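File shown: coords-v4.cif. Contents: mmCIF, N, CA and C atoms.
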data_work
#
loop_
_atom_site.label_atom_id
_atom_site.label_comp_id
_atom_site.auth_asym_id
_atom_site.auth_seq_id
_atom_site.Cartn_x
_atom_site.Cartn_y
_atom_site.Cartn_z
N MET A 1417 -27.16 41.06 33.68
CA MET A 1417 -26.36 42.22 34.06
C MET A 1417 -26.30 42.28 35.59
N ARG A 1418 -25.12 42.42 36.12
CA ARG A 1418 -24.91 42.48 37.57
C ARG A 1418 -24.76 43.94 37.96
N LEU A 1419 -25.65 44.43 38.81
CA LEU A 1419 -25.60 45.83 39.24
C LEU A 1419 -24.75 45.98 40.49
N PHE A 1420 -24.21 47.16 40.65
CA PHE A 1420 -23.40 47.47 41.81
C PHE A 1420 -24.29 47.42 43.05
N PRO A 1421 -23.95 46.63 44.05
CA PRO A 1421 -24.80 46.53 45.24
C PRO A 1421 -24.93 47.87 45.95
N SER A 1422 -26.16 48.20 46.25
CA SER A 1422 -26.41 49.49 46.91
C SER A 1422 -25.77 49.55 48.29
N SER A 1423 -25.59 48.43 48.94
CA SER A 1423 -24.98 48.45 50.27
C SER A 1423 -23.52 48.89 50.21
N ILE A 1424 -22.79 48.46 49.17
CA ILE A 1424 -21.39 48.88 49.04
C ILE A 1424 -21.33 50.35 48.67
N LEU A 1425 -22.19 50.77 47.75
CA LEU A 1425 -22.24 52.18 47.35
C LEU A 1425 -22.57 53.06 48.55
N LEU A 1426 -23.57 52.66 49.33
CA LEU A 1426 -23.94 53.42 50.51
C LEU A 1426 -22.81 53.45 51.54
N SER A 1427 -22.14 52.32 51.72
CA SER A 1427 -21.03 52.27 52.68
C SER A 1427 -19.91 53.22 52.29
N LEU A 1428 -19.53 53.19 51.01
CA LEU A 1428 -18.48 54.11 50.55
C LEU A 1428 -18.91 55.56 50.74
N PHE A 1429 -20.15 55.85 50.41
CA PHE A 1429 -20.66 57.21 50.55
C PHE A 1429 -20.60 57.66 52.00
N LEU A 1430 -21.06 56.83 52.91
CA LEU A 1430 -21.07 57.21 54.33
C LEU A 1430 -19.67 57.39 54.88
N ILE A 1431 -18.75 56.55 54.46
CA ILE A 1431 -17.36 56.70 54.90
C ILE A 1431 -16.79 58.03 54.42
N LEU A 1432 -17.07 58.35 53.16
CA LEU A 1432 -16.50 59.55 52.58
C LEU A 1432 -17.06 60.84 53.17
N ILE A 1433 -18.35 60.85 53.50
CA ILE A 1433 -18.92 62.09 54.03
C ILE A 1433 -18.79 62.21 55.54
N SER A 1434 -18.30 61.19 56.19
CA SER A 1434 -18.20 61.21 57.64
C SER A 1434 -17.12 62.16 58.16
N CYS A 1435 -16.38 62.75 57.26
CA CYS A 1435 -15.24 63.59 57.68
C CYS A 1435 -15.59 65.05 57.90
N GLY A 1436 -16.84 65.45 57.75
CA GLY A 1436 -17.16 66.84 58.04
C GLY A 1436 -18.27 67.42 57.21
N GLY A 1437 -18.51 68.71 57.43
CA GLY A 1437 -19.59 69.42 56.78
C GLY A 1437 -19.25 69.91 55.41
N ALA A 1438 -20.24 70.51 54.78
CA ALA A 1438 -20.09 70.97 53.41
C ALA A 1438 -19.37 72.31 53.34
N SER A 1439 -18.71 72.52 52.24
CA SER A 1439 -18.05 73.78 51.95
C SER A 1439 -19.06 74.73 51.30
N LYS A 1440 -18.75 76.00 51.27
CA LYS A 1440 -19.64 76.98 50.67
C LYS A 1440 -19.45 77.09 49.16
N THR A 1441 -18.39 76.53 48.62
CA THR A 1441 -18.09 76.64 47.21
C THR A 1441 -18.51 75.37 46.48
N SER A 1442 -19.23 75.52 45.36
CA SER A 1442 -19.64 74.34 44.60
C SER A 1442 -18.52 73.91 43.67
N LEU A 1443 -18.66 72.70 43.13
CA LEU A 1443 -17.65 72.14 42.26
C LEU A 1443 -17.67 72.77 40.87
N SER A 1444 -16.51 72.93 40.29
CA SER A 1444 -16.43 73.32 38.88
C SER A 1444 -16.74 72.06 38.05
N GLU A 1445 -16.94 72.23 36.78
CA GLU A 1445 -17.21 71.08 35.90
C GLU A 1445 -16.05 70.09 35.92
N ALA A 1446 -14.82 70.59 35.89
CA ALA A 1446 -13.64 69.73 35.93
C ALA A 1446 -13.55 68.97 37.26
N GLU A 1447 -13.84 69.65 38.36
CA GLU A 1447 -13.81 69.00 39.67
C GLU A 1447 -14.90 67.95 39.79
N GLU A 1448 -16.05 68.25 39.22
CA GLU A 1448 -17.15 67.30 39.24
C GLU A 1448 -16.77 66.02 38.48
N LYS A 1449 -16.17 66.19 37.30
CA LYS A 1449 -15.73 65.03 36.51
C LYS A 1449 -14.67 64.24 37.27
N LEU A 1450 -13.76 64.94 37.93
CA LEU A 1450 -12.72 64.28 38.71
C LEU A 1450 -13.33 63.49 39.86
N PHE A 1451 -14.31 64.08 40.54
CA PHE A 1451 -14.98 63.38 41.64
C PHE A 1451 -15.67 62.12 41.13
N VAL A 1452 -16.44 62.24 40.06
CA VAL A 1452 -17.16 61.08 39.51
C VAL A 1452 -16.17 60.00 39.10
N GLU A 1453 -15.14 60.38 38.37
CA GLU A 1453 -14.14 59.42 37.91
C GLU A 1453 -13.46 58.72 39.09
N THR A 1454 -13.09 59.49 40.10
CA THR A 1454 -12.42 58.92 41.27
C THR A 1454 -13.34 57.98 42.02
N TYR A 1455 -14.57 58.40 42.24
CA TYR A 1455 -15.51 57.55 42.98
C TYR A 1455 -15.77 56.25 42.24
N VAL A 1456 -15.97 56.34 40.93
CA VAL A 1456 -16.22 55.13 40.14
C VAL A 1456 -15.01 54.20 40.22
N LYS A 1457 -13.82 54.73 40.07
CA LYS A 1457 -12.61 53.91 40.16
C LYS A 1457 -12.47 53.28 41.55
N LEU A 1458 -12.78 54.03 42.60
CA LEU A 1458 -12.72 53.48 43.96
C LEU A 1458 -13.71 52.32 44.12
N ALA A 1459 -14.93 52.54 43.64
CA ALA A 1459 -15.96 51.51 43.77
C ALA A 1459 -15.58 50.26 42.98
N LEU A 1460 -15.12 50.42 41.76
CA LEU A 1460 -14.76 49.27 40.94
C LEU A 1460 -13.54 48.54 41.49
N ALA A 1461 -12.59 49.28 42.03
CA ALA A 1461 -11.39 48.66 42.58
C ALA A 1461 -11.70 47.77 43.77
N THR A 1462 -12.72 48.14 44.51
CA THR A 1462 -13.05 47.38 45.72
C THR A 1462 -14.18 46.38 45.50
N TRP A 1463 -14.71 46.31 44.30
CA TRP A 1463 -15.89 45.49 44.00
C TRP A 1463 -15.73 44.04 44.43
N ASP A 1464 -14.73 43.36 43.96
CA ASP A 1464 -14.55 41.94 44.25
C ASP A 1464 -13.39 41.66 45.20
N GLN A 1465 -13.03 42.64 45.99
CA GLN A 1465 -11.87 42.50 46.86
C GLN A 1465 -12.30 42.13 48.28
N PRO A 1466 -11.38 41.53 49.02
CA PRO A 1466 -11.67 41.24 50.43
C PRO A 1466 -11.92 42.55 51.19
N ALA A 1467 -12.70 42.46 52.22
CA ALA A 1467 -13.13 43.67 52.93
C ALA A 1467 -12.20 44.06 54.09
N ASP A 1468 -11.01 43.48 54.17
CA ASP A 1468 -10.15 43.86 55.29
C ASP A 1468 -9.58 45.27 55.06
N ALA A 1469 -9.38 45.97 56.13
CA ALA A 1469 -8.99 47.39 56.09
C ALA A 1469 -7.68 47.63 55.35
N ASP A 1470 -6.70 46.77 55.54
CA ASP A 1470 -5.40 46.95 54.89
C ASP A 1470 -5.52 46.88 53.37
N SER A 1471 -6.26 45.90 52.86
CA SER A 1471 -6.44 45.76 51.41
C SER A 1471 -7.18 46.96 50.84
N LEU A 1472 -8.21 47.40 51.53
CA LEU A 1472 -8.98 48.55 51.04
C LEU A 1472 -8.14 49.83 51.03
N THR A 1473 -7.30 49.99 52.04
CA THR A 1473 -6.42 51.16 52.09
C THR A 1473 -5.46 51.17 50.92
N VAL A 1474 -4.87 50.03 50.62
CA VAL A 1474 -3.94 49.92 49.49
C VAL A 1474 -4.66 50.23 48.19
N LEU A 1475 -5.85 49.68 48.01
CA LEU A 1475 -6.62 49.94 46.79
C LEU A 1475 -6.98 51.41 46.66
N ARG A 1476 -7.42 52.03 47.75
CA ARG A 1476 -7.77 53.46 47.72
C ARG A 1476 -6.57 54.30 47.33
N GLN A 1477 -5.44 54.03 47.94
CA GLN A 1477 -4.24 54.81 47.66
C GLN A 1477 -3.80 54.65 46.20
N ALA A 1478 -3.95 53.44 45.65
CA ALA A 1478 -3.60 53.21 44.24
C ALA A 1478 -4.51 54.02 43.32
N VAL A 1479 -5.80 54.08 43.64
CA VAL A 1479 -6.73 54.87 42.82
C VAL A 1479 -6.39 56.35 42.93
N PHE A 1480 -6.15 56.83 44.12
CA PHE A 1480 -5.81 58.25 44.29
C PHE A 1480 -4.54 58.60 43.51
N ALA A 1481 -3.55 57.72 43.53
CA ALA A 1481 -2.33 57.96 42.77
C ALA A 1481 -2.62 57.98 41.27
N GLU A 1482 -3.50 57.10 40.82
CA GLU A 1482 -3.84 57.02 39.40
C GLU A 1482 -4.52 58.30 38.90
N VAL A 1483 -5.42 58.87 39.71
CA VAL A 1483 -6.14 60.07 39.27
C VAL A 1483 -5.42 61.36 39.64
N GLY A 1484 -4.37 61.25 40.45
CA GLY A 1484 -3.55 62.42 40.76
C GLY A 1484 -4.02 63.29 41.90
N ILE A 1485 -4.79 62.71 42.82
CA ILE A 1485 -5.19 63.45 44.02
C ILE A 1485 -4.95 62.56 45.23
N ASP A 1486 -5.05 63.16 46.42
CA ASP A 1486 -4.94 62.36 47.63
C ASP A 1486 -6.31 62.30 48.32
N GLU A 1487 -6.38 61.56 49.40
CA GLU A 1487 -7.66 61.36 50.08
C GLU A 1487 -8.23 62.67 50.61
N GLN A 1488 -7.39 63.55 51.12
CA GLN A 1488 -7.86 64.83 51.64
C GLN A 1488 -8.46 65.70 50.53
N GLN A 1489 -7.84 65.68 49.36
CA GLN A 1489 -8.40 66.43 48.23
C GLN A 1489 -9.75 65.84 47.80
N PHE A 1490 -9.87 64.52 47.85
CA PHE A 1490 -11.13 63.87 47.51
C PHE A 1490 -12.21 64.27 48.51
N ILE A 1491 -11.87 64.28 49.78
CA ILE A 1491 -12.83 64.69 50.81
C ILE A 1491 -13.23 66.14 50.60
N ALA A 1492 -12.29 66.99 50.21
CA ALA A 1492 -12.60 68.39 49.92
C ALA A 1492 -13.59 68.50 48.75
N LEU A 1493 -13.44 67.64 47.75
CA LEU A 1493 -14.39 67.62 46.63
C LEU A 1493 -15.78 67.23 47.12
N ILE A 1494 -15.85 66.28 48.03
CA ILE A 1494 -17.14 65.87 48.59
C ILE A 1494 -17.79 67.05 49.30
N ARG A 1495 -17.03 67.73 50.11
CA ARG A 1495 -17.57 68.88 50.86
C ARG A 1495 -18.08 69.96 49.92
N GLN A 1496 -17.35 70.20 48.83
CA GLN A 1496 -17.80 71.19 47.86
C GLN A 1496 -19.09 70.74 47.18
N ALA A 1497 -19.17 69.47 46.83
CA ALA A 1497 -20.36 68.95 46.16
C ALA A 1497 -21.59 69.02 47.07
N GLU A 1498 -21.39 68.82 48.35
CA GLU A 1498 -22.50 68.87 49.30
C GLU A 1498 -23.13 70.26 49.39
N ALA A 1499 -22.42 71.28 48.96
CA ALA A 1499 -22.92 72.66 49.04
C ALA A 1499 -24.10 72.89 48.12
N SER A 1500 -24.29 72.03 47.13
CA SER A 1500 -25.39 72.18 46.18
C SER A 1500 -26.16 70.86 46.10
N PRO A 1501 -27.21 70.71 46.93
CA PRO A 1501 -27.96 69.45 46.94
C PRO A 1501 -28.52 69.05 45.57
N GLU A 1502 -28.95 70.02 44.78
CA GLU A 1502 -29.49 69.70 43.46
C GLU A 1502 -28.40 69.09 42.57
N ARG A 1503 -27.22 69.68 42.62
CA ARG A 1503 -26.10 69.18 41.82
C ARG A 1503 -25.62 67.84 42.36
N TRP A 1504 -25.68 67.67 43.66
CA TRP A 1504 -25.27 66.42 44.31
C TRP A 1504 -26.07 65.25 43.75
N VAL A 1505 -27.38 65.46 43.56
CA VAL A 1505 -28.24 64.41 43.00
C VAL A 1505 -27.78 64.05 41.59
N VAL A 1506 -27.47 65.05 40.79
CA VAL A 1506 -27.01 64.81 39.42
C VAL A 1506 -25.68 64.05 39.43
N ILE A 1507 -24.80 64.42 40.32
CA ILE A 1507 -23.51 63.74 40.43
C ILE A 1507 -23.71 62.26 40.76
N TRP A 1508 -24.59 61.96 41.72
CA TRP A 1508 -24.83 60.56 42.09
C TRP A 1508 -25.49 59.79 40.97
N GLU A 1509 -26.34 60.44 40.18
CA GLU A 1509 -26.93 59.78 39.02
C GLU A 1509 -25.84 59.41 38.02
N GLN A 1510 -24.89 60.31 37.83
CA GLN A 1510 -23.76 60.03 36.93
C GLN A 1510 -22.94 58.85 37.44
N ILE A 1511 -22.70 58.82 38.73
CA ILE A 1511 -21.93 57.73 39.32
C ILE A 1511 -22.64 56.40 39.13
N VAL A 1512 -23.92 56.35 39.43
CA VAL A 1512 -24.68 55.11 39.29
C VAL A 1512 -24.69 54.65 37.84
N GLN A 1513 -24.91 55.56 36.90
CA GLN A 1513 -24.89 55.20 35.47
C GLN A 1513 -23.54 54.62 35.07
N ARG A 1514 -22.48 55.28 35.49
CA ARG A 1514 -21.13 54.80 35.13
C ARG A 1514 -20.87 53.42 35.73
N LEU A 1515 -21.26 53.23 37.00
CA LEU A 1515 -21.04 51.93 37.63
C LEU A 1515 -21.84 50.84 36.94
N GLU A 1516 -23.07 51.11 36.60
CA GLU A 1516 -23.90 50.12 35.91
C GLU A 1516 -23.30 49.79 34.55
N LYS A 1517 -22.83 50.80 33.83
CA LYS A 1517 -22.21 50.59 32.52
C LYS A 1517 -20.94 49.76 32.66
N GLU A 1518 -20.08 50.11 33.60
CA GLU A 1518 -18.81 49.41 33.80
C GLU A 1518 -19.06 47.94 34.19
N ARG A 1519 -20.00 47.72 35.07
CA ARG A 1519 -20.29 46.35 35.50
C ARG A 1519 -20.90 45.55 34.36
N ALA A 1520 -21.77 46.17 33.56
CA ALA A 1520 -22.37 45.48 32.42
C ALA A 1520 -21.30 45.08 31.42
N GLU A 1521 -20.35 45.98 31.15
CA GLU A 1521 -19.27 45.69 30.22
C GLU A 1521 -18.36 44.59 30.77
N ALA A 1522 -18.17 44.57 32.07
CA ALA A 1522 -17.31 43.57 32.69
C ALA A 1522 -17.96 42.18 32.65
N ASP A 1523 -19.29 42.14 32.64
CA ASP A 1523 -20.02 40.87 32.63
C ASP A 1523 -20.11 40.26 31.24
N ILE A 1524 -19.72 41.00 30.22
CA ILE A 1524 -19.83 40.49 28.83
C ILE A 1524 -18.81 39.42 28.58
#

Would you write out, as structure tokens, the structure that this file holds?
Amino acid sequence: MRLFPSSILLSLFLILISCGGASKTSLSEAEEKLFVETYVKLALATWDQPADADSLTVLRQAVFAEVGIDEQQFIALIRQAEASPERWVVIWEQIVQRLEKERAEADI
């Protein structure tokens, strides 16, 4: 089973949170699911792709179009999630589980 490299996961995380501080409002259950789904799709889309900025931008935009949000809305979800550190941990556990499952299924 091939696991998602922590360096890529950490890089995506740092890029996404670099846009500002946390919001005072926490995520609803629907927003949390949307965030997890979007993050997983972003990570999987870039998994085996070249690391040049243009390719990554195209892939990100395609994922955002697929889930029906834009990058600014995604960043807003991040800010909301940051408002609750306990929930943030649970969200990241969900993301890691989904990525491990998706990668395991892809390796079959």

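Proximity of A:Leu1515, A:Val1505, A:Ala1461, A:Ala1446 to A:Val1479, computed with only N, CA and C atoms, is greatest for A:Ala1461.
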
Using the chain letters and numbers from this file, what does the PyMOL selection byres (((chain A and resi 1480 and name CA) around 12) and name CA) select? Give the answer as an mmCIF file with N, CA and C atoms, in the coordinates of the input.
data_model
loop_
_atom_site.group_PDB
_atom_site.id
_atom_site.type_symbol
_atom_site.label_atom_id
_atom_site.label_comp_id
_atom_site.auth_asym_id
_atom_site.auth_seq_id
_atom_site.Cartn_x
_atom_site.Cartn_y
_atom_site.Cartn_z
ATOM 1 N N LEU A 1450 -13.760 64.940 37.930
ATOM 2 C CA LEU A 1450 -12.720 64.280 38.710
ATOM 3 C C LEU A 1450 -13.330 63.490 39.860
ATOM 4 N N PHE A 1451 -14.310 64.080 40.540
ATOM 5 C CA PHE A 1451 -14.980 63.380 41.640
ATOM 6 C C PHE A 1451 -15.670 62.120 41.130
ATOM 7 N N GLU A 1453 -15.140 60.380 38.370
ATOM 8 C CA GLU A 1453 -14.140 59.420 37.910
ATOM 9 C C GLU A 1453 -13.460 58.720 39.090
ATOM 10 N N THR A 1454 -13.090 59.490 40.100
ATOM 11 C CA THR A 1454 -12.420 58.920 41.270
ATOM 12 C C THR A 1454 -13.340 57.980 42.020
ATOM 13 N N TYR A 1455 -14.570 58.400 42.240
ATOM 14 C CA TYR A 1455 -15.510 57.550 42.980
ATOM 15 C C TYR A 1455 -15.770 56.250 42.240
ATOM 16 N N VAL A 1456 -15.970 56.340 40.930
ATOM 17 C CA VAL A 1456 -16.220 55.130 40.140
ATOM 18 C C VAL A 1456 -15.010 54.200 40.220
ATOM 19 N N LYS A 1457 -13.820 54.730 40.070
ATOM 20 C CA LYS A 1457 -12.610 53.910 40.160
ATOM 21 C C LYS A 1457 -12.470 53.280 41.550
ATOM 22 N N LEU A 1458 -12.780 54.030 42.600
ATOM 23 C CA LEU A 1458 -12.720 53.480 43.960
ATOM 24 C C LEU A 1458 -13.710 52.320 44.120
ATOM 25 N N ALA A 1461 -12.590 49.280 42.030
ATOM 26 C CA ALA A 1461 -11.390 48.660 42.580
ATOM 27 C C ALA A 1461 -11.700 47.770 43.770
ATOM 28 N N THR A 1473 -7.300 49.990 52.040
ATOM 29 C CA THR A 1473 -6.420 51.160 52.090
ATOM 30 C C THR A 1473 -5.460 51.170 50.920
ATOM 31 N N VAL A 1474 -4.870 50.030 50.620
ATOM 32 C CA VAL A 1474 -3.940 49.920 49.490
ATOM 33 C C VAL A 1474 -4.660 50.230 48.190
ATOM 34 N N LEU A 1475 -5.850 49.680 48.010
ATOM 35 C CA LEU A 1475 -6.620 49.940 46.790
ATOM 36 C C LEU A 1475 -6.980 51.410 46.660
ATOM 37 N N ARG A 1476 -7.420 52.030 47.750
ATOM 38 C CA ARG A 1476 -7.770 53.460 47.720
ATOM 39 C C ARG A 1476 -6.570 54.300 47.330
ATOM 40 N N GLN A 1477 -5.440 54.030 47.940
ATOM 41 C CA GLN A 1477 -4.240 54.810 47.660
ATOM 42 C C GLN A 1477 -3.800 54.650 46.200
ATOM 43 N N ALA A 1478 -3.950 53.440 45.650
ATOM 44 C CA ALA A 1478 -3.600 53.210 44.240
ATOM 45 C C ALA A 1478 -4.510 54.020 43.320
ATOM 46 N N VAL A 1479 -5.800 54.080 43.640
ATOM 47 C CA VAL A 1479 -6.730 54.870 42.820
ATOM 48 C C VAL A 1479 -6.390 56.350 42.930
ATOM 49 N N ALA A 1481 -3.550 57.720 43.530
ATOM 50 C CA ALA A 1481 -2.330 57.960 42.770
ATOM 51 C C ALA A 1481 -2.620 57.980 41.270
ATOM 52 N N GLU A 1482 -3.500 57.100 40.820
ATOM 53 C CA GLU A 1482 -3.840 57.020 39.400
ATOM 54 C C GLU A 1482 -4.520 58.300 38.900
ATOM 55 N N VAL A 1483 -5.420 58.870 39.710
ATOM 56 C CA VAL A 1483 -6.140 60.070 39.270
ATOM 57 C C VAL A 1483 -5.420 61.360 39.640
ATOM 58 N N GLY A 1484 -4.370 61.250 40.450
ATOM 59 C CA GLY A 1484 -3.550 62.420 40.760
ATOM 60 C C GLY A 1484 -4.020 63.290 41.900
ATOM 61 N N ILE A 1485 -4.790 62.710 42.820
ATOM 62 C CA ILE A 1485 -5.190 63.450 44.020
ATOM 63 C C ILE A 1485 -4.950 62.560 45.230
ATOM 64 N N ASP A 1486 -5.050 63.160 46.420
ATOM 65 C CA ASP A 1486 -4.940 62.360 47.630
ATOM 66 C C ASP A 1486 -6.310 62.300 48.320
ATOM 67 N N GLU A 1487 -6.380 61.560 49.400
ATOM 68 C CA GLU A 1487 -7.660 61.360 50.080
ATOM 69 C C GLU A 1487 -8.230 62.670 50.610
ATOM 70 N N GLN A 1488 -7.390 63.550 51.120
ATOM 71 C CA GLN A 1488 -7.860 64.830 51.640
ATOM 72 C C GLN A 1488 -8.460 65.700 50.530
ATOM 73 N N GLN A 1489 -7.840 65.680 49.360
ATOM 74 C CA GLN A 1489 -8.400 66.430 48.230
ATOM 75 C C GLN A 1489 -9.750 65.840 47.800
ATOM 76 N N PHE A 1490 -9.870 64.520 47.850
ATOM 77 C CA PHE A 1490 -11.130 63.870 47.510
ATOM 78 C C PHE A 1490 -12.210 64.270 48.510
ATOM 79 N N ILE A 1491 -11.870 64.280 49.780
ATOM 80 C CA ILE A 1491 -12.830 64.690 50.810
ATOM 81 C C ILE A 1491 -13.230 66.140 50.600
#

d(atom CA of A:Glu1498, atom CA of A:Glu1448) in Å: 11.5 Å

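Taking atom C of A:Leu1472 and atom CA of A:Arg1495 as the two end points, the separation is 21.3 Å.
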
Distance query A:Ser1442 at most 12 Å, only C-alpha atoms, self and fewer than 3 positions along chain excluded, as a PyMOL selection string: chain A and resi 1438-1439+1445-1448+1492-1504

Kindly write stretch 1510-1521 of chain A with N, CA and C atoms to a file, as a PDB file, in the first residue's frame.
ATOM      1  N   GLN A1510      -9.872  12.735   9.172  1.00  0.00           N
ATOM      2  CA  GLN A1510     -10.756  12.302   8.080  1.00  0.00           C
ATOM      3  C   GLN A1510     -10.034  12.389   6.737  1.00  0.00           C
ATOM      4  N   ILE A1511      -9.307  13.471   6.538  1.00  0.00           N
ATOM      5  CA  ILE A1511      -8.580  13.660   5.283  1.00  0.00           C
ATOM      6  C   ILE A1511      -7.533  12.566   5.104  1.00  0.00           C
ATOM      7  N   VAL A1512      -6.754  12.306   6.130  1.00  0.00           N
ATOM      8  CA  VAL A1512      -5.707  11.284   6.044  1.00  0.00           C
ATOM      9  C   VAL A1512      -6.318   9.916   5.774  1.00  0.00           C
ATOM     10  N   GLN A1513      -7.404   9.574   6.466  1.00  0.00           N
ATOM     11  CA  GLN A1513      -8.074   8.286   6.236  1.00  0.00           C
ATOM     12  C   GLN A1513      -8.552   8.164   4.794  1.00  0.00           C
ATOM     13  N   ARG A1514      -9.178   9.217   4.297  1.00  0.00           N
ATOM     14  CA  ARG A1514      -9.682   9.188   2.919  1.00  0.00           C
ATOM     15  C   ARG A1514      -8.540   9.047   1.919  1.00  0.00           C
ATOM     16  N   LEU A1515      -7.449   9.783   2.144  1.00  0.00           N
ATOM     17  CA  LEU A1515      -6.315   9.693   1.226  1.00  0.00           C
ATOM     18  C   LEU A1515      -5.701   8.303   1.246  1.00  0.00           C
ATOM     19  N   GLU A1516      -5.550   7.733   2.413  1.00  0.00           N
ATOM     20  CA  GLU A1516      -4.985   6.385   2.519  1.00  0.00           C
ATOM     21  C   GLU A1516      -5.889   5.376   1.822  1.00  0.00           C
ATOM     22  N   LYS A1517      -7.193   5.510   2.014  1.00  0.00           N
ATOM     23  CA  LYS A1517      -8.152   4.606   1.372  1.00  0.00           C
ATOM     24  C   LYS A1517      -8.096   4.751  -0.147  1.00  0.00           C
ATOM     25  N   GLU A1518      -8.111   5.980  -0.641  1.00  0.00           N
ATOM     26  CA  GLU A1518      -8.093   6.240  -2.078  1.00  0.00           C
ATOM     27  C   GLU A1518      -6.799   5.698  -2.711  1.00  0.00           C
ATOM     28  N   ARG A1519      -5.688   5.928  -2.063  1.00  0.00           N
ATOM     29  CA  ARG A1519      -4.411   5.455  -2.596  1.00  0.00           C
ATOM     30  C   ARG A1519      -4.343   3.934  -2.568  1.00  0.00           C
ATOM     31  N   ALA A1520      -4.864   3.315  -1.503  1.00  0.00           N
ATOM     32  CA  ALA A1520      -4.873   1.854  -1.419  1.00  0.00           C
ATOM     33  C   ALA A1520      -5.719   1.261  -2.534  1.00  0.00           C
ATOM     34  N   GLU A1521      -6.880   1.864  -2.795  1.00  0.00           N
ATOM     35  CA  GLU A1521      -7.753   1.385  -3.857  1.00  0.00           C
ATOM     36  C   GLU A1521      -7.106   1.582  -5.230  1.00  0.00           C
TER      37      GLU A1521
END
